[in-house]
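*Asks:* My structure file structure_31.txt, compact mmCIF, C-alpha atoms and all ligand atoms, is below:
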# COMPACT_ATOMS: atom_id res chain seq x y z
CA MET A 1 -9.79 -18.45 201.77
CA LEU A 2 -6.76 -17.58 199.64
CA THR A 3 -5.19 -14.15 200.09
CA PHE A 4 -2.50 -12.63 197.86
CA GLY A 5 -1.60 -9.28 196.38
CA THR A 6 1.43 -9.21 194.07
CA ARG A 7 2.14 -10.63 190.63
CA PRO A 8 4.22 -13.66 191.68
CA GLU A 9 1.80 -14.69 194.44
CA ALA A 10 -1.08 -14.51 191.95
CA ILE A 11 0.77 -16.64 189.39
CA LYS A 12 1.40 -19.30 192.02
CA MET A 13 -2.04 -19.14 193.69
CA CYS A 14 -4.33 -18.97 190.63
CA PRO A 15 -3.74 -22.61 189.58
CA LEU A 16 -4.51 -23.61 193.17
CA ILE A 17 -7.78 -21.63 193.06
CA ILE A 18 -8.69 -23.41 189.84
CA GLU A 19 -7.97 -26.78 191.47
CA LEU A 20 -9.81 -25.97 194.71
CA LYS A 21 -12.87 -24.77 192.80
CA LYS A 22 -13.13 -28.25 191.26
CA ARG A 23 -13.50 -29.76 194.75
CA LYS A 24 -17.20 -29.98 195.62
CA ASN A 25 -16.57 -30.19 199.37
CA ILE A 26 -14.59 -26.99 199.60
CA GLU A 27 -15.89 -23.44 199.40
CA THR A 28 -13.11 -21.27 197.97
CA ILE A 29 -13.02 -17.55 198.75
CA VAL A 30 -10.46 -15.26 197.10
CA CYS A 31 -9.26 -12.05 198.74
CA VAL A 32 -6.69 -9.87 197.00
CA THR A 33 -4.94 -7.06 198.84
CA GLY A 34 -4.11 -5.22 195.62
CA GLN A 35 -0.54 -4.61 196.82
CA HIS A 36 0.11 -4.60 193.07
CA ARG A 37 -2.65 -3.23 190.86
CA GLN A 38 -1.92 -3.54 187.14
CA MET A 39 0.52 -6.45 187.49
CA LEU A 40 -1.94 -8.36 189.68
CA ASP A 41 -4.89 -7.69 187.39
CA GLN A 42 -2.91 -9.00 184.40
CA VAL A 43 -2.55 -12.37 186.14
CA LEU A 44 -6.15 -12.52 187.36
CA SER A 45 -7.36 -11.95 183.82
CA THR A 46 -5.03 -14.62 182.36
CA PHE A 47 -6.43 -17.21 184.78
CA ASN A 48 -10.01 -15.86 184.72
CA VAL A 49 -10.05 -15.45 188.50
CA ILE A 50 -12.51 -12.91 189.93
CA PRO A 51 -11.73 -12.06 193.57
CA ASP A 52 -14.52 -12.01 196.17
CA TYR A 53 -12.74 -9.24 198.07
CA ASP A 54 -10.26 -6.59 196.93
CA LEU A 55 -8.57 -4.38 199.54
CA SER A 56 -7.06 -2.06 196.87
CA VAL A 57 -4.11 -1.01 199.03
CA MET A 58 -1.56 -0.04 196.33
CA LEU A 59 -0.11 3.46 196.48
CA PRO A 60 2.49 4.84 194.06
CA GLY A 61 5.96 4.43 195.59
CA GLN A 62 4.45 2.74 198.65
CA THR A 63 6.48 2.11 201.81
CA LEU A 64 6.58 -1.13 203.76
CA PHE A 65 4.74 0.72 206.56
CA GLU A 66 1.88 1.76 204.28
CA ILE A 67 1.43 -1.72 202.79
CA THR A 68 1.50 -3.47 206.15
CA VAL A 69 -0.74 -1.04 208.03
CA ASN A 70 -3.32 -0.73 205.25
CA ILE A 71 -3.62 -4.49 204.81
CA LEU A 72 -3.91 -5.10 208.56
CA THR A 73 -6.63 -2.47 208.90
CA ARG A 74 -8.62 -3.47 205.83
CA ILE A 75 -8.44 -7.27 206.07
CA LYS A 76 -9.86 -7.45 209.60
CA ASP A 77 -13.49 -7.07 208.49
CA VAL A 78 -13.06 -9.58 205.66
CA LEU A 79 -11.57 -12.21 207.98
CA GLU A 80 -14.25 -11.62 210.62
CA ASN A 81 -16.95 -11.83 208.00
CA VAL A 82 -15.65 -14.97 206.25
CA ARG A 83 -14.09 -16.76 209.25
CA PRO A 84 -12.36 -19.30 206.96
CA ASN A 85 -11.43 -22.76 208.24
CA VAL A 86 -8.01 -22.06 206.74
CA CYS A 87 -6.51 -18.91 205.23
CA LEU A 88 -3.83 -19.69 202.64
CA VAL A 89 -1.02 -17.22 202.06
CA HIS A 90 1.91 -17.49 199.67
CA GLY A 91 5.66 -17.00 199.95
CA ASP A 92 7.27 -13.90 201.38
CA THR A 93 5.68 -10.58 200.46
CA SER A 94 4.29 -7.90 202.76
CA THR A 95 0.81 -9.11 201.79
CA THR A 96 1.77 -12.56 203.08
CA PHE A 97 3.16 -11.23 206.35
CA ALA A 98 0.34 -8.77 207.11
CA THR A 99 -2.36 -11.33 206.27
CA ALA A 100 -0.79 -14.01 208.44
CA LEU A 101 -0.46 -11.53 211.31
CA ALA A 102 -4.13 -10.52 210.99
CA CYS A 103 -5.14 -14.21 211.03
CA PHE A 104 -3.01 -14.72 214.11
CA TYR A 105 -4.74 -11.86 215.93
CA LEU A 106 -8.12 -13.42 215.05
CA GLN A 107 -6.87 -16.98 215.72
CA ILE A 108 -7.69 -18.16 212.21
CA PRO A 109 -5.51 -21.11 211.06
CA VAL A 110 -3.04 -20.21 208.31
CA GLY A 111 -1.58 -22.47 205.61
CA HIS A 112 1.68 -21.35 203.99
CA VAL A 113 2.15 -22.19 200.33
CA GLU A 114 5.84 -22.16 199.32
CA ALA A 115 6.99 -22.55 202.91
CA GLY A 116 10.49 -23.20 204.20
CA LEU A 117 12.71 -21.33 201.71
CA ARG A 118 15.57 -19.68 203.56
CA THR A 119 18.71 -17.59 203.11
CA TYR A 120 19.02 -17.14 206.92
CA ASN A 121 19.94 -13.47 206.37
CA ILE A 122 16.88 -11.42 207.34
CA TYR A 123 18.22 -8.43 205.40
CA SER A 124 18.53 -10.35 202.14
CA PRO A 125 16.24 -10.58 200.32
CA PHE A 126 14.75 -7.60 202.15
CA PRO A 127 12.17 -7.75 203.64
CA GLU A 128 11.20 -11.12 202.18
CA GLU A 129 13.44 -13.38 204.29
CA PHE A 130 12.00 -11.91 207.48
CA ASN A 131 8.46 -12.18 206.10
CA ARG A 132 8.86 -15.84 205.24
CA GLN A 133 10.39 -16.76 208.58
CA ALA A 134 7.78 -14.76 210.53
CA VAL A 135 4.91 -16.35 208.61
CA GLY A 136 6.41 -19.75 209.35
CA LEU A 137 6.03 -19.00 213.04
CA ILE A 138 2.31 -18.25 212.67
CA CYS A 139 1.30 -21.03 210.27
CA LYS A 140 -0.44 -24.24 211.20
CA TYR A 141 0.17 -25.96 207.83
CA HIS A 142 3.37 -25.68 205.79
CA PHE A 143 3.30 -26.59 202.09
CA ALA A 144 6.98 -26.94 201.25
CA PRO A 145 7.99 -27.10 197.58
CA THR A 146 11.07 -29.31 198.14
CA GLU A 147 12.63 -31.72 200.64
CA LEU A 148 15.23 -29.05 201.49
CA ALA A 149 12.47 -26.59 202.42
CA LYS A 150 11.00 -29.31 204.64
CA LYS A 151 14.38 -29.79 206.32
CA ASN A 152 14.60 -26.05 206.98
CA LEU A 153 11.21 -26.10 208.65
CA ILE A 154 12.16 -29.09 210.80
CA ALA A 155 15.36 -27.25 211.79
CA ASP A 156 13.14 -24.32 212.83
CA GLY A 157 11.34 -26.69 215.20
CA LYS A 158 8.11 -27.22 213.24
CA ASP A 159 6.17 -30.38 213.96
CA ILE A 160 6.88 -32.76 211.07
CA SER A 161 3.20 -33.70 210.85
CA THR A 162 2.36 -30.12 209.77
CA ILE A 163 4.80 -30.10 206.82
CA TYR A 164 3.83 -31.38 203.37
CA VAL A 165 6.22 -31.55 200.40
CA THR A 166 4.16 -30.67 197.32
CA GLY A 167 6.39 -29.20 194.60
CA ASN A 168 6.03 -25.58 193.55
CA THR A 169 2.68 -24.47 192.11
CA VAL A 170 4.46 -22.28 189.55
CA ILE A 171 5.18 -25.39 187.50
CA ASP A 172 1.42 -26.11 187.58
CA ALA A 173 0.84 -22.53 186.34
CA MET A 174 3.03 -23.22 183.31
CA ARG A 175 0.80 -26.14 182.36
CA HIS A 176 -1.95 -23.54 181.86
CA THR A 177 0.16 -21.03 179.94
CA VAL A 178 2.85 -22.58 177.71
CA VAL A 179 1.55 -23.60 174.29
CA ALA A 180 3.17 -25.15 171.22
CA ASP A 181 1.71 -22.78 168.66
CA TYR A 182 2.68 -19.29 169.80
CA HIS A 183 3.36 -15.98 168.03
CA HIS A 184 4.30 -12.54 169.28
CA SER A 185 5.69 -9.44 167.58
CA GLU A 186 8.65 -9.38 170.02
CA LEU A 187 9.62 -12.89 168.87
CA ASP A 188 9.47 -11.66 165.26
CA TRP A 189 11.86 -8.85 166.25
CA VAL A 190 14.30 -11.42 167.72
CA GLY A 191 14.09 -13.54 164.57
CA ASN A 192 16.88 -16.14 164.40
CA ASP A 193 19.07 -14.39 166.98
CA ARG A 194 19.48 -15.78 170.50
CA MET A 195 16.79 -14.37 172.83
CA ILE A 196 17.86 -13.21 176.28
CA LEU A 197 15.25 -12.34 178.92
CA ILE A 198 15.99 -9.84 181.66
CA THR A 199 14.15 -8.84 184.84
CA ALA A 200 15.26 -7.03 188.01
CA HIS A 201 13.33 -5.48 190.84
CA ARG A 202 14.60 -6.43 194.36
CA ARG A 203 14.69 -3.62 196.92
CA GLU A 204 18.26 -4.44 197.99
CA ASN A 205 19.43 -4.15 194.36
CA GLN A 206 17.83 -0.77 193.63
CA GLY A 207 20.80 1.57 193.20
CA GLU A 208 24.39 0.56 192.41
CA PRO A 209 23.83 -3.23 192.13
CA MET A 210 21.18 -2.69 189.46
CA ARG A 211 23.42 -0.26 187.57
CA HIS A 212 26.17 -2.93 187.62
CA MET A 213 23.73 -5.49 186.16
CA PHE A 214 22.66 -3.27 183.30
CA ARG A 215 26.20 -2.12 182.45
CA ALA A 216 27.41 -5.72 182.30
CA ILE A 217 24.51 -6.74 180.07
CA ARG A 218 25.13 -3.80 177.76
CA ARG A 219 28.82 -4.63 177.41
CA VAL A 220 28.07 -8.26 176.53
CA LEU A 221 25.43 -7.30 173.96
CA ASP A 222 27.87 -4.85 172.33
CA GLU A 223 30.24 -7.79 171.80
CA HIS A 224 27.62 -10.30 170.54
CA HIS A 225 25.64 -9.26 167.50
CA ASP A 226 23.58 -12.44 167.24
CA VAL A 227 21.85 -11.77 170.56
CA LYS A 228 18.73 -9.74 171.38
CA ALA A 229 17.32 -9.03 174.82
CA ILE A 230 13.77 -8.42 175.99
CA TYR A 231 13.33 -6.64 179.28
CA PRO A 232 9.82 -6.05 180.67
CA VAL A 233 10.55 -3.44 183.33
CA HIS A 234 8.85 -3.78 186.71
CA MET A 235 6.37 -0.94 187.35
CA ASN A 236 8.29 0.30 190.39
CA PRO A 237 9.29 3.89 189.44
CA LYS A 238 12.74 3.46 191.05
CA VAL A 239 13.49 0.48 188.80
CA LYS A 240 12.16 2.20 185.68
CA LYS A 241 14.43 5.19 186.29
CA ILE A 242 17.62 3.11 186.56
CA ALA A 243 16.69 0.92 183.58
CA ASN A 244 16.08 3.95 181.37
CA GLU A 245 19.27 5.68 182.48
CA GLU A 246 21.49 2.64 181.89
CA LEU A 247 19.90 0.89 178.91
CA SER A 248 18.18 3.39 176.68
CA GLY A 249 19.67 3.71 173.23
CA CYS A 250 20.87 0.08 173.10
CA ARG A 251 19.41 -1.28 169.86
CA GLN A 252 19.73 -4.93 170.91
CA ILE A 253 17.41 -4.51 173.91
CA HIS A 254 13.68 -3.99 173.82
CA ILE A 255 12.58 -2.33 177.04
CA ILE A 256 8.86 -3.02 177.35
CA ASN A 257 6.07 -2.83 179.94
CA PRO A 258 5.32 -5.95 182.02
CA ILE A 259 3.61 -8.50 179.80
CA GLU A 260 0.87 -10.99 180.61
CA VAL A 261 2.16 -14.13 182.27
CA PHE A 262 0.77 -16.13 179.32
CA ASP A 263 3.21 -14.30 177.04
CA TRP A 264 6.12 -14.24 179.51
CA HIS A 265 5.97 -18.00 180.10
CA ASN A 266 5.93 -18.59 176.35
CA PHE A 267 8.95 -16.29 176.00
CA GLU A 268 10.73 -18.26 178.73
CA ALA A 269 10.05 -21.54 176.97
CA ARG A 270 11.70 -20.12 173.81
CA CYS A 271 14.57 -18.04 175.19
CA TYR A 272 18.30 -18.83 175.23
CA LEU A 273 18.81 -17.83 178.86
CA CYS A 274 17.51 -15.45 181.49
CA LEU A 275 19.32 -12.91 183.71
CA THR A 276 17.26 -12.00 186.75
CA ASP A 277 17.04 -11.24 190.46
CA SER A 278 13.48 -12.63 190.57
CA GLY A 279 12.47 -15.54 192.75
CA GLY A 280 9.86 -17.23 190.56
CA ILE A 281 11.89 -17.07 187.38
CA GLN A 282 14.56 -19.24 189.05
CA GLU A 283 11.93 -21.98 189.16
CA GLU A 284 10.23 -21.40 185.81
CA CYS A 285 12.97 -21.10 183.17
CA PRO A 286 14.68 -24.38 184.11
CA ALA A 287 11.34 -26.17 183.66
CA TYR A 288 11.98 -25.57 179.94
CA GLY A 289 15.74 -26.23 180.08
CA LYS A 290 16.65 -22.55 180.06
CA PRO A 291 19.66 -21.55 182.22
CA VAL A 292 19.23 -18.70 184.70
CA LEU A 293 21.99 -16.33 185.79
CA VAL A 294 20.82 -15.14 189.20
CA MET A 295 22.04 -11.57 189.76
CA ARG A 296 21.99 -11.72 193.55
CA ASN A 297 24.46 -12.46 196.33
CA ASN A 298 22.37 -15.27 197.78
CA THR A 299 19.29 -17.28 196.93
CA GLU A 300 16.59 -19.01 198.93
CA ARG A 301 16.50 -21.51 196.07
CA PRO A 302 19.85 -23.34 196.50
CA GLU A 303 18.34 -26.56 195.11
CA GLY A 304 18.56 -25.00 191.63
CA VAL A 305 22.20 -24.01 192.13
CA GLU A 306 22.96 -27.51 193.37
CA ALA A 307 21.12 -29.13 190.45
CA GLY A 308 22.99 -26.88 187.99
CA THR A 309 19.98 -25.05 186.52
CA LEU A 310 20.95 -21.74 188.22
CA LYS A 311 24.25 -19.90 188.50
CA LEU A 312 24.50 -17.40 191.33
CA VAL A 313 26.55 -14.63 189.70
CA GLY A 314 26.26 -11.82 192.27
CA THR A 315 25.76 -8.14 191.48
CA ASP A 316 29.26 -7.09 190.46
CA GLU A 317 29.53 -5.86 186.85
CA ASN A 318 32.62 -7.93 186.04
CA ASP A 319 31.19 -11.17 187.45
CA ILE A 320 27.94 -10.78 185.53
CA TYR A 321 29.87 -9.87 182.38
CA LYS A 322 32.11 -12.96 182.79
CA TRP A 323 29.29 -15.46 183.30
CA PHE A 324 26.98 -14.02 180.65
CA THR A 325 29.84 -14.08 178.11
CA ARG A 326 30.75 -17.63 179.11
CA LEU A 327 27.24 -18.96 178.59
CA LEU A 328 27.06 -17.32 175.17
CA ASP A 329 30.49 -18.52 174.02
CA ASP A 330 31.01 -21.87 175.76
CA LYS A 331 28.62 -24.46 174.35
CA ASN A 332 29.57 -27.13 176.90
CA GLU A 333 28.91 -24.84 179.84
CA TYR A 334 25.57 -23.88 178.32
CA GLU A 335 24.51 -27.47 177.60
CA LYS A 336 25.38 -28.57 181.15
CA MET A 337 22.96 -26.02 182.56
CA ALA A 338 20.31 -26.59 179.93
CA HIS A 339 20.22 -30.34 180.63
CA ALA A 340 20.22 -30.16 184.43
CA VAL A 341 16.98 -31.34 186.06
CA ASN A 342 14.70 -28.69 187.57
CA PRO A 343 14.04 -29.56 191.25
CA TYR A 344 10.85 -27.49 191.67
CA GLY A 345 8.15 -29.99 190.93
CA ASP A 346 6.18 -31.97 188.41
CA GLY A 347 3.22 -29.63 187.84
CA HIS A 348 0.89 -31.43 190.27
CA ALA A 349 1.50 -29.40 193.43
CA CYS A 350 -2.00 -27.90 193.45
CA GLU A 351 -3.68 -31.31 193.40
CA ARG A 352 -1.54 -32.37 196.37
CA ILE A 353 -2.36 -29.23 198.35
CA ALA A 354 -6.07 -29.58 197.58
CA ASP A 355 -6.02 -33.26 198.67
CA ILE A 356 -4.32 -32.30 201.94
CA LEU A 357 -6.80 -29.49 202.57
CA GLU A 358 -9.74 -31.84 201.98
CA GLY A 359 -8.25 -34.13 204.61
CA ILE A 360 -7.76 -31.25 207.06
CA ILE A 361 -11.11 -29.53 206.64
CA LEU A 362 -13.48 -32.47 206.22
C1 LIG A 401 6.81 -6.76 195.82
C2 LIG A 401 7.24 -7.66 196.97
C3 LIG A 401 8.38 -8.57 196.53
C4 LIG A 401 8.05 -9.31 195.25
C5 LIG A 401 7.63 -8.31 194.20
C6 LIG A 401 7.19 -9.02 192.96
C7 LIG A 401 7.11 -6.80 199.26
C8 LIG A 401 7.75 -5.98 200.31
N1 LIG A 401 7.73 -6.85 198.07
O1 LIG A 401 7.90 -5.88 195.56
O2 LIG A 401 8.63 -9.51 197.55
O3 LIG A 401 9.18 -10.00 194.82
O4 LIG A 401 6.51 -7.54 194.70
O5 LIG A 401 7.09 -8.14 191.88
O6 LIG A 401 6.05 -7.34 199.49
N2 LIG A 401 3.66 -0.71 190.98
C9 LIG A 401 2.67 -0.27 190.12
N3 LIG A 401 1.80 -1.20 189.62
C10 LIG A 401 1.86 -2.51 189.92
C11 LIG A 401 2.86 -2.95 190.79
C12 LIG A 401 3.75 -2.03 191.33
O7 LIG A 401 2.57 0.91 189.81
O8 LIG A 401 1.03 -3.29 189.43
C13 LIG A 401 4.60 0.29 191.55
C14 LIG A 401 3.93 1.17 192.61
O9 LIG A 401 4.46 2.46 192.54
C15 LIG A 401 4.37 0.50 193.90
C16 LIG A 401 5.78 0.07 193.54
O10 LIG A 401 5.68 -0.40 192.19
O11 LIG A 401 4.32 1.38 195.01
C17 LIG A 401 6.42 -1.00 194.41
O12 LIG A 401 5.50 -2.06 194.67
P1 LIG A 401 5.71 -2.96 196.01
O13 LIG A 401 4.65 -4.02 196.04
O14 LIG A 401 5.83 -2.07 197.17
O15 LIG A 401 7.13 -3.59 195.84
P2 LIG A 401 7.74 -4.55 194.74
O16 LIG A 401 9.13 -4.09 194.51
O17 LIG A 401 6.81 -4.68 193.62
N1 LIG A 402 6.34 -12.21 184.83
C1 LIG A 402 5.23 -11.79 184.09
N2 LIG A 402 5.38 -10.78 183.19
C2 LIG A 402 6.55 -10.14 182.99
C3 LIG A 402 7.68 -10.56 183.78
C4 LIG A 402 7.54 -11.58 184.68
O1 LIG A 402 4.15 -12.34 184.22
O2 LIG A 402 6.62 -9.22 182.18
C5 LIG A 402 6.16 -13.26 185.84
C6 LIG A 402 7.13 -14.42 185.82
O3 LIG A 402 6.62 -15.47 185.02
C7 LIG A 402 7.24 -14.87 187.28
C8 LIG A 402 6.83 -13.65 188.04
O4 LIG A 402 6.37 -12.68 187.10
O5 LIG A 402 6.30 -15.88 187.59
C9 LIG A 402 8.00 -13.14 188.81
O6 LIG A 402 7.61 -11.97 189.45
P1 LIG A 402 8.65 -11.00 190.11
O7 LIG A 402 9.98 -11.18 189.50
O8 LIG A 402 8.01 -9.66 190.05
O9 LIG A 402 8.62 -11.48 191.63
P2 LIG A 402 9.43 -12.58 192.46
O10 LIG A 402 9.22 -13.91 191.83
O11 LIG A 402 10.85 -12.15 192.49
O12 LIG A 402 8.82 -12.47 193.82
What does this structure look like when you write it as structure tokens?
*Replies:*
Amino acid sequence: MLTFGTRPEAIKMCPLIIELKKRKNIETIVCVTGQHRQMLDQVLSTFNVIPDYDLSVMLPGQTLFEITVNILTRIKDVLENVRPNVCLVHGDTSTTFATALACFYLQIPVGHVEAGLRTYNIYSPFPEEFNRQAVGLICKYHFAPTELAKKNLIADGKDISTIYVTGNTVIDAMRHTVVADYHHSELDWVGNDRMILITAHRRENQGEPMRHMFRAIRRVLDEHHDVKAIYPVHMNPKVKKIANEELSGCRQIHIINPIEVFDWHNFEARCYLCLTDSGGIQEECPAYGKPVLVMRNNTERPEGVEAGTLKLVGTDENDIYKWFTRLLDDKNEYEKMAHAVNPYGDGHACERIADILEGIIL
């Protein structure tokens, strides 16, 4: 059984569902918590995945308490009914944590996809770092995307025989989505200008840090007239409010609703660079040689910083302004990042995970 509930989990689990469904020896059950509603459904429709169970937990402006309690309460019956040989969870969301905890209470083995990423600061990203570490404690199988993630798990005391380095399934997802012949009205709007992509949503950035990000971006755009930015705003009402207050009226930015992952991945493959505090985008853009300025104070993806595909620029307006300007004006700096090698996999992570699961279950 695979359980997930938010947009990024869905993007990274759907290619695995597709792979597992090809395996005749495995029965694949999909349970979504519905922690996200519209943004989850967009992904399910792109990958043609129809869940067997849907807990429909999302509430407008939900708290961590509501998500956790509602998932715990509602998933119990599903888990007791299905009694999977393995329940797979993904990454670091509240869906991931609550599902793993429910499995623990029912003594159902859990496999963790995207295991072992760490900042070692449980308040940043919040609450994701805690979620990922806590799930690591519960899991029987750890599917680590990189060797560094494996090392982190070994340092945590995990038995090496339970850790598998697979690559990140998001690169597999892009094999389903990115196409050569692609058109979109937003790309027509950008025309021959340089296309910048923007996203921001982290809880710890809601407030002043996010205002700093948007002010910096606005200043840089005012000084560069050959640049246009596309910003699909996360559906969180707190994020929407700040984005509208800081960015409305800027003619070089299109503020749009979240777009289907099919479109977003094709935008990424064609952009100049991306400014973000997202996790997944740090792995995706570099797969197409697109530099990412990470607007956070730390990252659980230091492999990308080390490889040179990511630049950790923090959340101070002047730092973001400086780095964004530099990548627009300094061709050498840009080329260095664009040609660095993405460390997050070769697009075959799902096959590896499915092979391992066949070995475990059969
Ligand atoms: C969640 C995850 C975060 C992940 C992010 C990906 C937790 C604690 N946070 O954060 O790790 O990086 O998803 O986007 O698990 N909303 C809608 N429709 C949607 C989705 C969200 O209206 O389809 C609104 C709702 O008002 C919801 C709010 O956004 O209450 C926040 O959603 P929530 O899942 O609590 O937090 P995210 O910030 O999305
Ligand atoms: N994404 C999308 N549509 C958009 C913006 C982003 O499908 O309009 C995808 C993107 O490809 C990436 C994922 O959403 O895979 C990132 O989700 P988010 O930033 O919400 O979460 P995080 O990765 O930080 O947990």
*Asks:* Can you tell me which residues sit at most 8 Å away from ligand LIG 401 (chain A), counting all atoms listed in the file, written as an MDAnalysis selection string?
*Replies:* chainID A and resid 6:9 35:41 58:64 67 92:96 126:128 201:203 234:237 278:279
*Asks:* Using all atoms listed in the file, find each residue with an atom at most 6 Å away from ligand LIG 402 (chain A) and format the answer as a ChimeraX atom specification.
*Replies:* /A:7-8,11,232,258-261,264-265,278-281
*Asks:* Counting only C-alpha atoms, which residue out of A:Ala173, A:Leu273, A:Ile353, A:Ala340 sits closest to Ala144 in chain A?
*Replies:*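 Result for the nearest residue to Ala144 in chain A: A:Ile353.
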*Asks:* Distance CA of Lys21 in chain A-CA of Cys139 in chain A, one decimal place?
*Replies:*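 Result for CA of Lys21 in chain A versus CA of Cys139 in chain A: 22.8 Å, one decimal.
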*Asks:* What is the distance, in Å and to one decimal place, between CA of Gly308 in chain A and CA of Gln282 in chain A?
*Replies:*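 Rounded to one decimal, the two atoms are 11.4 Å apart.
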*Asks:* Which one of A:Leu101, A:Leu187, A:Leu2, A:Val89 sits closest to Tyr141 in chain A if you count only C-alpha atoms?
*Replies:*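 Nearest candidate to Tyr141 in chain A out of A:Leu101, A:Leu187, A:Leu2, A:Val89: A:Val89.
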*Asks:* Ala243 in chain A: which residues within 10 Å, counting all atoms listed in the file, same-chain residues fewer than 3 positions away excluded, as a list in words?
*Replies:* Ala200, Met210, Arg211, Met213, Phe214, Tyr231, Val233, His234, Pro237, Lys238, Val239, Lys240, Glu246, Leu247, Ser248 and Ile255 of chain A
*Asks:* Take the residues just selected and output them with C-alpha atoms as a PDB file, keeping the file's coordinate frame.
*Replies:*
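Result file part-v6.pdb:
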ATOM      1  CA  ALA A 200      15.260  -7.030 188.010  1.00  0.00           C
ATOM      2  CA  MET A 210      21.180  -2.690 189.460  1.00  0.00           C
ATOM      3  CA  ARG A 211      23.420  -0.260 187.570  1.00  0.00           C
ATOM      4  CA  MET A 213      23.730  -5.490 186.160  1.00  0.00           C
ATOM      5  CA  PHE A 214      22.660  -3.270 183.300  1.00  0.00           C
ATOM      6  CA  TYR A 231      13.330  -6.640 179.280  1.00  0.00           C
ATOM      7  CA  VAL A 233      10.550  -3.440 183.330  1.00  0.00           C
ATOM      8  CA  HIS A 234       8.850  -3.780 186.710  1.00  0.00           C
ATOM      9  CA  PRO A 237       9.290   3.890 189.440  1.00  0.00           C
ATOM     10  CA  LYS A 238      12.740   3.460 191.050  1.00  0.00           C
ATOM     11  CA  VAL A 239      13.490   0.480 188.800  1.00  0.00           C
ATOM     12  CA  LYS A 240      12.160   2.200 185.680  1.00  0.00           C
ATOM     13  CA  GLU A 246      21.490   2.640 181.890  1.00  0.00           C
ATOM     14  CA  LEU A 247      19.900   0.890 178.910  1.00  0.00           C
ATOM     15  CA  SER A 248      18.180   3.390 176.680  1.00  0.00           C
ATOM     16  CA  ILE A 255      12.580  -2.330 177.040  1.00  0.00           C
TER      17      ILE A 255
END
*Asks:* What does the distance between CA of Thr73 in chain A and CA of Arg118 in chain A come to in Å, to one decimal place?
*Replies:*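 Computing it gives 28.6 Å between the two atoms.
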*Asks:* Which is closest to Arg23 in chain A among A:Leu310, A:Val69, A:Leu327, A:Leu362, if we use only C-alpha atoms?
*Replies:*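 For Arg23 in chain A, the nearest of the given residues is A:Leu362.
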*Asks:* Go through range 194-305 of chain A residue by residue and, counting all atoms listed in the file, keep those with an atom at most 12 Å from range 319-322 of chain A; for each kept residue give the shortest atom pair and its distance in Å to one decimal, ordered by chain and increasing number, as CSV.
*Replies:*
residue,atom,partner,partner_atom,distance
A:Pro209,CA,A:Ile320,CA,10.8
A:Met210,CA,A:Ile320,CA,11.3
A:Arg211,CA,A:Ile320,CA,11.6
A:His212,CA,A:Ile320,CA,8.3
A:Met213,CA,A:Ile320,CA,6.8
A:Phe214,CA,A:Ile320,CA,9.4
A:Arg215,CA,A:Tyr321,CA,8.6
A:Ala216,CA,A:Tyr321,CA,4.8
A:Ile217,CA,A:Tyr321,CA,6.6
A:Arg218,CA,A:Tyr321,CA,9.0
A:Arg219,CA,A:Tyr321,CA,7.3
A:Val220,CA,A:Tyr321,CA,6.3
A:Leu221,CA,A:Tyr321,CA,9.9
A:Asp222,CA,A:Tyr321,CA,11.4
A:Glu223,CA,A:Tyr321,CA,10.8
A:Leu275,CA,A:Ile320,CA,9.1
A:Thr276,CA,A:Ile320,CA,10.8
A:Asp277,CA,A:Ile320,CA,12.0
A:Val292,CA,A:Ile320,CA,11.8
A:Leu293,CA,A:Ile320,CA,8.1
A:Val294,CA,A:Ile320,CA,9.1
A:Met295,CA,A:Ile320,CA,7.3
A:Arg296,CA,A:Ile320,CA,10.0
A:Asn297,CA,A:Asp319,CA,11.2
*Asks:* Write out as a list in words the residues lying within 9 Å of Leu20 in chain A, counting all atoms listed in the file and excluding same-chain residues fewer than 4 positions away.
*Replies:* Pro15, Leu16, Lys24, Ile26, Glu27, Thr28, Cys350, Glu351, Ile353 and Ala354 of chain A
*Asks:* Counting all atoms listed in the file, figure out which residue out of A:Gln133, A:Asn205, A:Gln42, A:Asn70 gets nearest to Val57 in chain A.
*Replies:*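 Comparing A:Gln133, A:Asn205, A:Gln42, A:Asn70 against Val57 in chain A, the winner is A:Asn70.
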*Asks:* Residues within 9 Å of Lys150 in chain A, please, as an NGL selection string. Count all atoms listed in the file; anything in the same chain fewer than 2 positions from it doesn't count.
*Replies:* :A and (115-117 or 142-148 or 152-155 or 160 or 163-165)
*Asks:* Kindly indicate which residue among A:Arg74, A:Arg175, A:His112, A:His183 lies nearest to Arg270 in chain A, using all atoms listed in the file for the distances.
*Replies:*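 Of A:Arg74, A:Arg175, A:His112, A:His183, the one nearest Arg270 in chain A, counting all atoms listed in the file, is A:His183.
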*Asks:* With all atoms listed in the file as the basis for distance, which of A:Asp159, A:Asp52, A:Glu306, A:Glu129 is at the shortest distance from Val341 in chain A?
*Replies:*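 Comparing A:Asp159, A:Asp52, A:Glu306, A:Glu129 against Val341 in chain A, the winner is A:Glu306.
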*Asks:* List the residues sitting within 12 Å of (15.3, -15.3, 164.4) in the file's frame, using only C-alpha atoms, as a PyMOL selection string.
*Replies:* chain A and resi 185-195+226-228+270-272
*Asks:* For range 329-337 of chain A, please output as a PyMOL selection string all residues within 7 Å (counting only C-alpha atoms; exclusion window: fewer than 4 positions along the same chain).
*Replies:* chain A and resi 291+308-309+325
*Asks:* Skip Ile138 in chain A itself and residues of its chain fewer than 4 positions away, then list as a CSV table (one decimal) with C-alpha atoms, keeping the file's coordinate frame all residues within 7 Å of it, counting all atoms listed in the file.
*Replies:*
chain,number,residue,atom,x,y,z
A,100,ALA,CA,-0.8,-14.0,208.4
A,104,PHE,CA,-3.0,-14.7,214.1
A,134,ALA,CA,7.8,-14.8,210.5
